[in-house]
Amino acid sequence: MSESPDSTDMSARGSVGRFAPSPTGPLHFGSLVAAIGSFVHARAKGGAWLVRMEDVDKPREMPGAADGILRTLERFGLEWDGAVMYQSRRTDAYVQALEELCDRGLVYGCACSRKDIAEHAHMGMDGPVYPGTCRGRLGRARATRAWRFVVPEQPVCFTDAILGKHCFDMARDLGDFVVRRADGLFAYQLAVVVDDAGQGVTEVVRGADLLLSTPRQLVLQQALGLPVPEYAHLPLALNEQGEKLSKQTLAPAVAAADVASLWRQVLRFLGQDLPAGLERAPMRELRTWATRNWQPGRVPQHSSRVVVQL
Ligand code: GLU
């Protein structure tokens with residue numbers, strides 16, 4: 001791992017991918033799929049691969065998880081370029097982005113409580129759609145709690161490298177979304193957009209649970225005049241009950257698992273045609289095979305159940 005190059009150095013590599021874990025717990029099979037998928041996708045093109053610790057939501061952080069994740073990535077041979085970026089150290093950049101959005105009249109202070117919203121909102125694709133109560137009123141009467149971004153009326157479309165073309169009616173299905181939370185913390189959507197641009201990321205490869213975040217990130221990029229990366233959303237690994245593997249569904253940590261076996265399981269989960277001759281191959285050989293033979297076209301579009309052998 002080299003020392004702290006900036007995004008200019010990275011752009012010399014042509015393509016720049018990244019893995020952006022939230023340190024809310026140790027890596028499990030689901031997060032390893034995103035780590036290996038983004039790593040192989042970047043390295044297959046000779047691109048850089050960066051790691052960003054999304055520790056913006058301090059109350060949800062688990063002590064020691066960030067370091068644990070980095071050690072696990074190293075164990076799995078996922079060597080990143082440059083220094084790890086920590087969102088907790090990026091507040092100035094987020095403040096500046098929010099100011100720009102304010103200057104352009106694209107955000108407003110929202111005084112609504114969760115209860116106000118629940119009473120007036122209809123259900124959208126990703127929970128209740130904010131009914132726009134404070135739009136244009138800038139929280140005059142009551143104290144501003146959160147800051148919301150005004151979504152456009154026209155559809156927002158993009159072509160995902162795995163899932164194909166998607167169009168969203170944001171006003172109807174997603175609503176004005178929070179960029180700064182009532183507790184003062186910056187929201188994931190704003191932080192990601194500022195940091196992907198700050199790190200010169202050209203390809204975002206991540207789990208399909210974030211597909212509904214993509215139109216929000218696209219409109220923020222447009223509003224802030226930032227470059228738009230390509231997006232590829234990977235299938236989610238589900239447990240036997242059909243739930244996404246996560247900390248909440250008690251997915252087991254992979255930190256101490258057999259590294260080569262997990263690489264094989266992840267590559268098969270991602271639809272790659274691993275030759276039988278690699279059944280006993282060590283991790284480094286699997287990694288080399290994967291970056292030479294990566295076929296994004298084989299990655300399944302649908303999430304599926306997995307029984308992980310740890
Ligand atoms: N930090 C997010 C997560 O762990 C991922 C963000 C992203 O890849 O855009 O779910």
# chains A, B, ... in the order shown; residues from 1 in each chain; ligands from 1
>>> residues_near_ligand(ligand="ligand 1", cutoff="6 Å", atoms="only C-alpha atoms and all ligand atoms", output="PyMOL selection string")
chain A and resi 20-22+54+206
>>> select_by_dssp(residues="region 1-145 of chain A", states="strand (DSSP E)", output="count of residues only")
22
>>> residues_around(residues="Asp258 (chain A)", least_positions_apart="5", cutoff="10 Å", atoms="only C-alpha atoms", output="PyMOL selection string")
chain A and resi 75-76+263+283+309-310
>>> select_by_dssp(residues="region 110-303 of chain A", states="helix (DSSP H, G or I)", output="JSON, numbers by chain")
{"A": [114, 115, 116, 117, 118, 119, 120, 170, 171, 172, 173, 188, 189, 190, 191, 192, 193, 194, 195, 196, 197, 198, 208, 209, 210, 211, 212, 213, 214, 215, 216, 217, 218, 219, 220, 221, 222, 223, 224, 259, 260, 261, 262, 263, 264, 265, 266, 267, 268, 269, 276, 277, 278, 283, 284, 285, 286, 287, 288, 289, 290, 291, 292, 293, 296, 297, 298]}
>>> closest_residue(among="A:Lys165, A:Arg181, A:Arg135, A:Arg172", to="Ala121 (chain A)", atoms="only C-alpha atoms")
A:Arg172
>>> atom_distance(atom1="CA of Ser113 (chain A)", atom2="CA of Ala146 (chain A)")
9.4 Å
>>> closest_residue(among="A:Ala276, A:Ala223, A:Lys115, A:Leu234", to="Ala35 (chain A)", atoms="only C-alpha atoms")
A:Leu234
